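Have a look at input.txt; it's compact mmCIF, C-alpha atoms and all ligand atoms:
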# COMPACT_ATOMS: atom_id res chain seq x y z
CA MET A 1224 24.81 46.86 55.80
CA ILE A 1225 26.73 44.68 58.24
CA SER A 1226 24.81 44.02 61.46
CA SER A 1227 27.58 45.55 63.64
CA LYS A 1228 25.86 48.87 64.39
CA LYS A 1229 28.99 50.53 65.60
CA ILE A 1230 30.60 52.82 63.11
CA ILE A 1231 33.36 55.39 63.40
CA ASN A 1232 33.52 58.31 61.00
CA ILE A 1233 37.11 59.22 60.19
CA LEU A 1234 37.31 62.50 58.27
CA GLY A 1235 34.03 61.68 56.52
CA THR A 1236 34.67 57.99 55.78
CA LYS A 1237 32.79 55.45 57.89
CA PHE A 1238 34.45 52.28 59.20
CA HIS A 1239 32.78 49.27 60.82
CA TYR A 1240 33.92 47.96 64.19
CA VAL A 1241 34.72 44.39 63.18
CA THR A 1242 37.63 42.05 63.64
CA ARG A 1243 39.02 40.21 60.64
CA SER A 1244 37.14 37.10 61.59
CA GLU A 1245 33.82 38.98 61.97
CA ALA A 1246 34.40 40.65 58.61
CA ALA A 1247 35.03 37.24 56.99
CA THR A 1248 31.90 35.80 58.62
CA PHE A 1249 29.85 38.68 57.19
CA ILE A 1250 31.21 38.08 53.67
CA VAL A 1251 30.59 34.32 53.85
CA LYS A 1252 27.03 34.91 55.10
CA CYS A 1253 26.32 37.25 52.16
CA LEU A 1254 27.80 34.67 49.77
CA GLN A 1255 25.67 31.87 51.17
CA GLU A 1256 22.48 33.92 51.25
CA ARG A 1257 23.27 35.50 47.87
CA LYS A 1258 22.97 38.99 49.30
CA LYS A 1259 24.57 41.77 47.30
CA ALA A 1260 27.42 43.50 49.11
CA SER A 1261 30.34 45.77 48.23
CA VAL A 1262 33.33 45.54 50.54
CA PHE A 1263 36.18 48.05 50.70
CA THR A 1264 39.33 48.26 52.77
CA PRO A 1265 40.61 51.86 52.62
CA ASN A 1266 43.95 52.96 54.00
CA PRO A 1267 44.78 56.54 55.10
CA GLU A 1268 45.63 57.55 51.52
CA ILE A 1269 42.14 56.63 50.37
CA VAL A 1270 40.50 58.35 53.34
CA MET A 1271 42.43 61.47 52.32
CA GLU A 1272 41.38 61.03 48.71
CA ALA A 1273 37.73 60.60 49.77
CA TYR A 1274 38.07 63.71 51.92
CA HIS A 1275 38.57 65.69 48.72
CA ASP A 1276 36.33 63.56 46.50
CA THR A 1277 32.69 63.41 47.57
CA ARG A 1278 31.79 60.77 44.98
CA LEU A 1279 34.45 58.40 46.33
CA GLN A 1280 33.36 59.14 49.89
CA ALA A 1281 29.72 58.35 49.01
CA ILE A 1282 30.75 55.05 47.37
CA LEU A 1283 32.58 53.99 50.54
CA ASN A 1284 29.82 55.16 52.85
CA ASN A 1285 27.07 53.45 50.85
CA SER A 1286 28.85 50.10 50.74
CA GLU A 1287 27.86 47.21 52.99
CA MET A 1288 31.21 46.92 54.77
CA VAL A 1289 34.30 49.11 55.15
CA VAL A 1290 37.27 47.92 57.19
CA PRO A 1291 40.64 49.59 57.83
CA ASP A 1292 43.50 48.31 55.69
CA GLY A 1293 46.19 50.42 57.25
CA ILE A 1294 47.50 50.85 60.74
CA GLY A 1295 47.14 54.61 60.22
CA VAL A 1296 43.34 54.31 60.29
CA VAL A 1297 43.51 52.29 63.52
CA ILE A 1298 45.82 54.93 65.05
CA ALA A 1299 43.34 57.63 63.96
CA SER A 1300 40.49 55.77 65.71
CA LYS A 1301 42.61 55.69 68.90
CA ILE A 1302 43.34 59.41 68.61
CA LEU A 1303 39.57 59.95 68.37
CA GLY A 1304 39.02 57.87 71.52
CA GLN A 1305 37.03 55.12 69.75
CA PRO A 1306 39.63 52.47 68.91
CA LEU A 1307 38.79 50.08 66.07
CA PRO A 1308 39.44 46.45 67.14
CA GLU A 1309 42.25 45.79 64.65
CA ARG A 1310 43.67 46.43 61.23
CA VAL A 1311 41.88 44.26 58.66
CA ALA A 1312 44.20 43.99 55.67
CA GLY A 1313 42.27 43.15 52.49
CA TYR A 1314 44.79 40.41 51.67
CA ASP A 1315 44.32 38.67 55.03
CA LEU A 1316 40.56 39.06 54.92
CA VAL A 1317 40.43 37.36 51.52
CA GLN A 1318 42.60 34.50 52.80
CA GLU A 1319 40.26 34.04 55.76
CA VAL A 1320 37.24 33.94 53.41
CA PHE A 1321 39.01 31.41 51.13
CA ARG A 1322 39.63 29.17 54.16
CA GLN A 1323 35.95 29.33 55.07
CA ILE A 1324 34.49 28.78 51.58
CA GLU A 1325 36.99 26.21 50.32
CA HIS A 1326 34.60 23.32 50.97
CA LYS A 1327 31.43 25.15 50.00
CA GLU A 1328 29.80 25.55 46.59
CA ILE A 1329 30.97 29.15 46.26
CA LYS A 1330 32.74 30.34 43.13
CA VAL A 1331 35.39 33.04 42.92
CA TYR A 1332 36.62 35.29 40.08
CA PHE A 1333 39.83 37.37 40.00
CA LEU A 1334 39.76 40.64 38.04
CA GLY A 1335 42.84 42.83 38.05
CA ALA A 1336 46.65 43.18 37.97
CA GLY A 1337 49.04 42.90 35.02
CA GLN A 1338 49.03 40.27 32.27
CA GLY A 1339 49.47 36.78 33.73
CA VAL A 1340 49.42 37.84 37.38
CA ALA A 1341 45.83 36.83 38.18
CA GLU A 1342 46.43 33.44 36.46
CA LEU A 1343 49.48 32.89 38.63
CA ALA A 1344 47.57 34.03 41.72
CA LYS A 1345 44.82 31.52 40.82
CA ARG A 1346 47.35 28.68 40.58
CA LYS A 1347 48.98 29.65 43.89
CA MET A 1348 45.63 29.90 45.68
CA GLU A 1349 44.48 26.55 44.24
CA GLU A 1350 47.65 24.97 45.61
CA LYS A 1351 47.00 26.51 49.02
CA TYR A 1352 43.23 25.85 49.15
CA THR A 1353 42.86 22.70 47.09
CA ASN A 1354 39.06 22.78 47.00
CA LEU A 1355 38.69 26.50 46.23
CA LYS A 1356 36.65 27.08 43.07
CA ILE A 1357 38.20 29.93 41.06
CA VAL A 1358 36.06 30.00 37.93
CA GLY A 1359 37.85 32.71 35.99
CA VAL A 1360 40.50 35.43 35.88
CA HIS A 1361 41.09 38.53 33.79
CA ASN A 1362 43.85 41.12 33.94
CA GLY A 1363 43.03 44.65 35.02
CA TYR A 1364 43.95 46.45 31.80
CA PHE A 1365 40.91 46.55 29.52
CA ASP A 1366 38.92 49.21 27.69
CA ASN A 1367 35.43 47.81 27.42
CA ASP A 1368 33.56 47.22 30.67
CA GLU A 1369 30.62 45.56 28.91
CA ASP A 1370 32.78 42.76 27.44
CA ILE A 1371 34.43 42.10 30.78
CA ILE A 1372 31.09 42.02 32.59
CA LYS A 1373 29.76 39.49 30.05
CA LEU A 1374 32.84 37.31 30.59
CA ILE A 1375 32.51 37.49 34.37
CA ASN A 1376 28.77 36.80 34.42
CA ALA A 1377 29.21 33.85 32.06
CA ALA A 1378 31.58 32.25 34.61
CA LYS A 1379 28.85 32.67 37.29
CA PRO A 1380 31.05 33.65 40.25
CA ASP A 1381 29.59 34.46 43.67
CA PHE A 1382 32.64 36.31 44.98
CA LEU A 1383 34.28 38.84 42.64
CA LEU A 1384 37.66 40.24 43.70
CA VAL A 1385 38.52 43.47 41.91
CA GLY A 1386 42.18 44.47 42.08
CA LEU A 1387 42.45 47.62 39.98
CA GLY A 1388 44.08 49.71 42.71
CA ALA A 1389 42.20 52.34 44.68
CA PRO A 1390 40.19 54.41 43.88
CA LYS A 1391 39.75 52.92 40.39
CA GLN A 1392 38.30 49.68 41.76
CA GLU A 1393 35.84 51.56 44.00
CA TYR A 1394 34.51 53.49 40.98
CA TRP A 1395 34.44 50.35 38.85
CA ILE A 1396 32.53 48.31 41.40
CA GLU A 1397 30.00 51.06 41.97
CA SER A 1398 29.42 51.74 38.26
CA ASN A 1399 28.95 48.06 37.41
CA ARG A 1400 27.38 46.66 40.56
CA ASP A 1401 23.91 46.27 39.09
CA GLN A 1402 25.08 44.48 35.95
CA LEU A 1403 27.34 42.07 37.82
CA HIS A 1404 25.57 38.93 39.04
CA ALA A 1405 28.13 38.02 41.72
CA SER A 1406 26.85 38.68 45.22
CA VAL A 1407 29.96 40.02 46.96
CA LEU A 1408 32.16 42.54 45.13
CA MET A 1409 35.35 43.39 46.93
CA GLY A 1410 38.12 45.87 46.12
CA VAL A 1411 41.44 44.13 46.78
CA GLY A 1412 44.09 46.60 45.56
CA GLY A 1413 47.38 44.89 44.81
CA SER A 1414 46.38 41.58 46.42
CA PHE A 1415 46.84 39.52 43.22
CA ASP A 1416 50.46 40.66 43.09
CA GLY A 1417 50.79 39.33 46.65
CA MET A 1418 48.92 36.07 45.97
CA SER A 1419 51.02 35.38 42.87
CA GLY A 1420 54.23 35.90 44.82
CA LYS A 1421 55.19 38.81 42.54
CA VAL A 1422 55.21 41.19 45.51
CA LYS A 1423 56.34 39.73 48.82
CA ARG A 1424 54.24 40.37 51.89
CA ALA A 1425 56.16 41.83 54.86
CA PRO A 1426 57.54 39.26 57.33
CA ASP A 1427 55.18 38.59 60.29
CA PHE A 1428 57.50 40.51 62.58
CA PHE A 1429 56.71 43.77 60.72
CA ILE A 1430 52.97 42.99 60.47
CA LYS A 1431 52.67 42.23 64.21
CA LEU A 1432 54.36 45.50 65.13
CA GLY A 1433 52.09 47.44 62.77
CA LEU A 1434 55.09 48.24 60.57
CA GLU A 1435 54.04 46.71 57.28
CA TRP A 1436 53.98 50.20 55.76
CA PHE A 1437 57.66 50.60 56.74
CA TYR A 1438 58.57 47.29 55.10
CA ARG A 1439 56.76 48.36 51.90
CA LEU A 1440 58.55 51.68 52.01
CA ILE A 1441 61.99 50.05 52.11
CA SER A 1442 61.12 47.31 49.61
CA GLN A 1443 59.21 49.60 47.17
CA PRO A 1444 60.78 53.07 47.63
CA THR A 1445 58.66 54.41 44.74
CA ARG A 1446 55.73 54.40 47.20
CA ALA A 1447 57.46 57.01 49.38
CA LYS A 1448 55.51 59.92 47.94
CA ARG A 1449 52.19 58.18 48.58
CA MET A 1450 53.21 57.42 52.14
CA LEU A 1451 53.99 61.03 52.88
CA ARG A 1452 50.23 61.47 53.05
CA LEU A 1453 50.15 59.49 56.30
CA PRO A 1454 51.47 62.29 58.56
CA VAL A 1455 49.15 64.76 56.80
CA PHE A 1456 46.24 62.39 57.49
CA LEU A 1457 47.09 62.01 61.20
CA PHE A 1458 47.56 65.75 61.56
CA LYS A 1459 44.11 66.34 60.04
CA VAL A 1460 42.59 63.75 62.38
CA ILE A 1461 44.10 65.54 65.39
CA ILE A 1462 42.97 68.97 64.22
CA GLU A 1463 39.49 68.30 62.86
CA GLY A 1464 38.68 64.61 63.40
CA LYS A 1465 36.23 65.18 66.29
CA LYS A 1466 34.03 67.25 64.00
CA TYR A 1467 33.14 64.14 61.98
CA LEU A 1468 32.35 61.75 64.85
N1 LIG B 1 45.88 47.80 38.25
C1 LIG B 1 45.04 47.25 37.29
N2 LIG B 1 44.50 48.08 36.35
C2 LIG B 1 44.73 49.42 36.32
C3 LIG B 1 45.58 49.97 37.31
C4 LIG B 1 46.13 49.13 38.28
O1 LIG B 1 44.79 46.06 37.30
O2 LIG B 1 44.20 50.09 35.44
C5 LIG B 1 46.45 46.90 39.27
C6 LIG B 1 47.94 46.89 39.36
O3 LIG B 1 48.47 46.03 38.37
C7 LIG B 1 48.15 46.35 40.76
C8 LIG B 1 46.96 46.95 41.51
O4 LIG B 1 46.02 47.35 40.54
O5 LIG B 1 48.02 44.95 40.79
C9 LIG B 1 47.31 48.18 42.36
O6 LIG B 1 48.21 47.81 43.31
P1 LIG B 1 48.64 48.81 44.49
O7 LIG B 1 49.40 48.01 45.46
O8 LIG B 1 49.24 50.04 43.93
O9 LIG B 1 47.19 49.18 45.02
P2 LIG B 1 46.67 49.51 46.45
O10 LIG B 1 46.57 48.18 47.16
O11 LIG B 1 47.68 50.43 47.10
O12 LIG B 1 45.34 50.13 46.14
Output the structure of this file as structure tokens.
Ligand code: UDP
Amino acid sequence: MISSKKIINILGTKFHYVTRSEAATFIVKCLQERKKASVFTPNPEIVMEAYHDTRLQAILNNSEMVVPDGIGVVIASKILGQPLPERVAGYDLVQEVFRQIEHKEIKVYFLGAGQGVAELAKRKMEEKYTNLKIVGVHNGYFDNDEDIIKLINAAKPDFLLVGLGAPKQEYWIESNRDQLHASVLMGVGGSFDGMSGKVKRAPDFFIKLGLEWFYRLISQPTRAKRMLRLPVFLFKVIIEGKKYL
């Protein structure tokens, strides 16, 4: 568990009080000391899913670090009078870790996204961080976990990014944690689509104002239904959030 003792429980899911830079420092420390850690970055949709799914909630709560990827979770912490320091988007957290490990002997593996996307993400990240050691990639559409685990372990990564979308990646990491030799296992959602350039990140203007969700809504209208869970989430936090603190 991360050394930051402070935790806020939002509708049953626990979040750590860390900034992006503290979260990155924790990951790098685990990588260097070869300590096993699972890292997740739930947004309000996942908190709502975990609210109804005790197995998912236990996976999140038993992991070494959980940070809020979603301004909605930060707003909820404010409503509950215990504001989290900032939103820690999984994508940004990974970039911060890449910056810090680029010149170290730490190896990375990308698992997830559609055919060719992780390869493209690897190339883009190697252009951006010229000394980053990405030792393997595999798409996220496979049937046999055992074969994939063998492939990953043979490449000997330290940092395994799993982008199967939530909550699939949370289940996958938990089920296979003991067989995987990498020390840090992190659920990264659609980050490979972002790294490859396939899905554009919102302009900084939207991110700074906490409106990345709005940008995604207008650029990917198919997500509208998923986003409708945000008001339901905030309403639940107002009505029964204090009970979980
Ligand atoms: N995905 C995958 N395998 C699956 C289902 C999904 O690799 O069986 C990938 C999908 O291609 C996409 C990511 O998981 O790259 C999910 O992206 P999304 O933005 O929907 O996830 P979120 O960040 O919201 O969890």
For a test of reading the model, state the distance in Å between atom CA of Val1290 of chain A and atom CA of Met1409 of chain A, rounded to one decimal.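 Spanning atom CA of Val1290 of chain A to atom CA of Met1409 of chain A is a straight-line distance of 11.4 Å.
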Enumerate as an NGL selection string the residues within 10 Å of ligand LIG 1 (chain B), counting only C-alpha atoms and all ligand atoms. :A and (1264-1266 or 1268-1269 or 1292 or 1312-1314 or 1334-1338 or 1340-1341 or 1361-1366 or 1385-1393 or 1410-1417 or 1421-1422 or 1439 or 1446 or 1449)
Could you work out how far atom CA of Ile1396 of chain A lies from atom CA of Gly1235 of chain A, giving the answer in Å with one decimal?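 Interatomic distance, atom CA of Gly1235 of chain A to atom CA of Ile1396 of chain A: 20.2 Å.
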Rounded to one decimal place, report the atom CA of Phe1382 of chain A-atom CA of Ser1406 of chain A distance in Å.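 Value for the atom CA of Phe1382 of chain A-atom CA of Ser1406 of chain A distance: 6.3 Å.
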Measuring between only C-alpha atoms, which one of A:Ile1231, A:Val1360, A:Ala1377, A:Val1251 shows the shortest distance to Ala1299 of chain A? A:Ile1231
Here is a test: counting all atoms listed in the file, which residue of A:Pro1380, A:Gly1339, A:Gly1433, A:Pro1454 is nearest to Glu1309 of chain A?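 Ranked by minimum distance to Glu1309 of chain A, first place goes to A:Gly1433.
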From the set A:Arg1424, A:Lys1301, A:Lys1229, A:Lys1258, which residue has the shortest atom-to-atom contact distance to Gly1464 of chain A, counting only C-alpha atoms? A:Lys1301
Would you fill out segment 1292-1306 of chain A with N, CA, C and O atoms and return it as a PDB file, keeping the file's coordinate frame?
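File out19.pdb, as written:
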ATOM      1  N   ASP A1292      42.268  48.957  56.140  1.00  0.00           N
ATOM      2  CA  ASP A1292      43.500  48.310  55.690  1.00  0.00           C
ATOM      3  C   ASP A1292      44.609  49.342  55.842  1.00  0.00           C
ATOM      4  O   ASP A1292      44.957  50.040  54.905  1.00  0.00           O
ATOM      5  N   GLY A1293      45.141  49.425  57.030  1.00  0.00           N
ATOM      6  CA  GLY A1293      46.190  50.420  57.250  1.00  0.00           C
ATOM      7  C   GLY A1293      46.202  50.733  58.730  1.00  0.00           C
ATOM      8  O   GLY A1293      45.161  51.048  59.312  1.00  0.00           O
ATOM      9  N   ILE A1294      47.376  50.602  59.301  1.00  0.00           N
ATOM     10  CA  ILE A1294      47.500  50.850  60.740  1.00  0.00           C
ATOM     11  C   ILE A1294      47.191  52.309  61.032  1.00  0.00           C
ATOM     12  O   ILE A1294      46.717  52.646  62.123  1.00  0.00           O
ATOM     13  N   GLY A1295      47.407  53.176  60.034  1.00  0.00           N
ATOM     14  CA  GLY A1295      47.140  54.610  60.220  1.00  0.00           C
ATOM     15  C   GLY A1295      45.685  54.870  60.581  1.00  0.00           C
ATOM     16  O   GLY A1295      45.391  55.749  61.401  1.00  0.00           O
ATOM     17  N   VAL A1296      44.765  54.117  59.990  1.00  0.00           N
ATOM     18  CA  VAL A1296      43.340  54.310  60.290  1.00  0.00           C
ATOM     19  C   VAL A1296      43.060  53.857  61.730  1.00  0.00           C
ATOM     20  O   VAL A1296      42.297  54.498  62.453  1.00  0.00           O
ATOM     21  N   VAL A1297      43.699  52.772  62.140  1.00  0.00           N
ATOM     22  CA  VAL A1297      43.510  52.290  63.520  1.00  0.00           C
ATOM     23  C   VAL A1297      44.076  53.325  64.506  1.00  0.00           C
ATOM     24  O   VAL A1297      43.443  53.644  65.524  1.00  0.00           O
ATOM     25  N   ILE A1298      45.229  53.891  64.190  1.00  0.00           N
ATOM     26  CA  ILE A1298      45.820  54.930  65.050  1.00  0.00           C
ATOM     27  C   ILE A1298      44.857  56.124  65.131  1.00  0.00           C
ATOM     28  O   ILE A1298      44.608  56.664  66.205  1.00  0.00           O
ATOM     29  N   ALA A1299      44.285  56.492  63.986  1.00  0.00           N
ATOM     30  CA  ALA A1299      43.340  57.630  63.960  1.00  0.00           C
ATOM     31  C   ALA A1299      42.159  57.345  64.884  1.00  0.00           C
ATOM     32  O   ALA A1299      41.719  58.222  65.634  1.00  0.00           O
ATOM     33  N   SER A1300      41.651  56.094  64.860  1.00  0.00           N
ATOM     34  CA  SER A1300      40.490  55.770  65.710  1.00  0.00           C
ATOM     35  C   SER A1300      40.870  55.867  67.181  1.00  0.00           C
ATOM     36  O   SER A1300      40.052  56.242  68.023  1.00  0.00           O
ATOM     37  N   LYS A1301      42.138  55.564  67.503  1.00  0.00           N
ATOM     38  CA  LYS A1301      42.610  55.690  68.900  1.00  0.00           C
ATOM     39  C   LYS A1301      42.707  57.161  69.278  1.00  0.00           C
ATOM     40  O   LYS A1301      42.313  57.556  70.369  1.00  0.00           O
ATOM     41  N   ILE A1302      43.231  57.966  68.356  1.00  0.00           N
ATOM     42  CA  ILE A1302      43.340  59.410  68.610  1.00  0.00           C
ATOM     43  C   ILE A1302      41.946  59.968  68.912  1.00  0.00           C
ATOM     44  O   ILE A1302      41.780  60.822  69.771  1.00  0.00           O
ATOM     45  N   LEU A1303      40.938  59.444  68.206  1.00  0.00           N
ATOM     46  CA  LEU A1303      39.570  59.950  68.370  1.00  0.00           C
ATOM     47  C   LEU A1303      38.852  59.295  69.555  1.00  0.00           C
ATOM     48  O   LEU A1303      37.671  59.544  69.776  1.00  0.00           O
ATOM     49  N   GLY A1304      39.570  58.464  70.292  1.00  0.00           N
ATOM     50  CA  GLY A1304      39.020  57.870  71.520  1.00  0.00           C
ATOM     51  C   GLY A1304      38.013  56.761  71.279  1.00  0.00           C
ATOM     52  O   GLY A1304      37.278  56.379  72.180  1.00  0.00           O
ATOM     53  N   GLN A1305      37.957  56.226  70.039  1.00  0.00           N
ATOM     54  CA  GLN A1305      37.030  55.120  69.750  1.00  0.00           C
ATOM     55  C   GLN A1305      37.779  54.044  68.965  1.00  0.00           C
ATOM     56  O   GLN A1305      37.539  53.845  67.773  1.00  0.00           O
ATOM     57  N   PRO A1306      38.729  53.370  69.647  1.00  0.00           N
ATOM     58  CA  PRO A1306      39.630  52.470  68.910  1.00  0.00           C
ATOM     59  C   PRO A1306      38.938  51.334  68.152  1.00  0.00           C
ATOM     60  O   PRO A1306      38.119  50.617  68.719  1.00  0.00           O
TER      61      PRO A1306
END
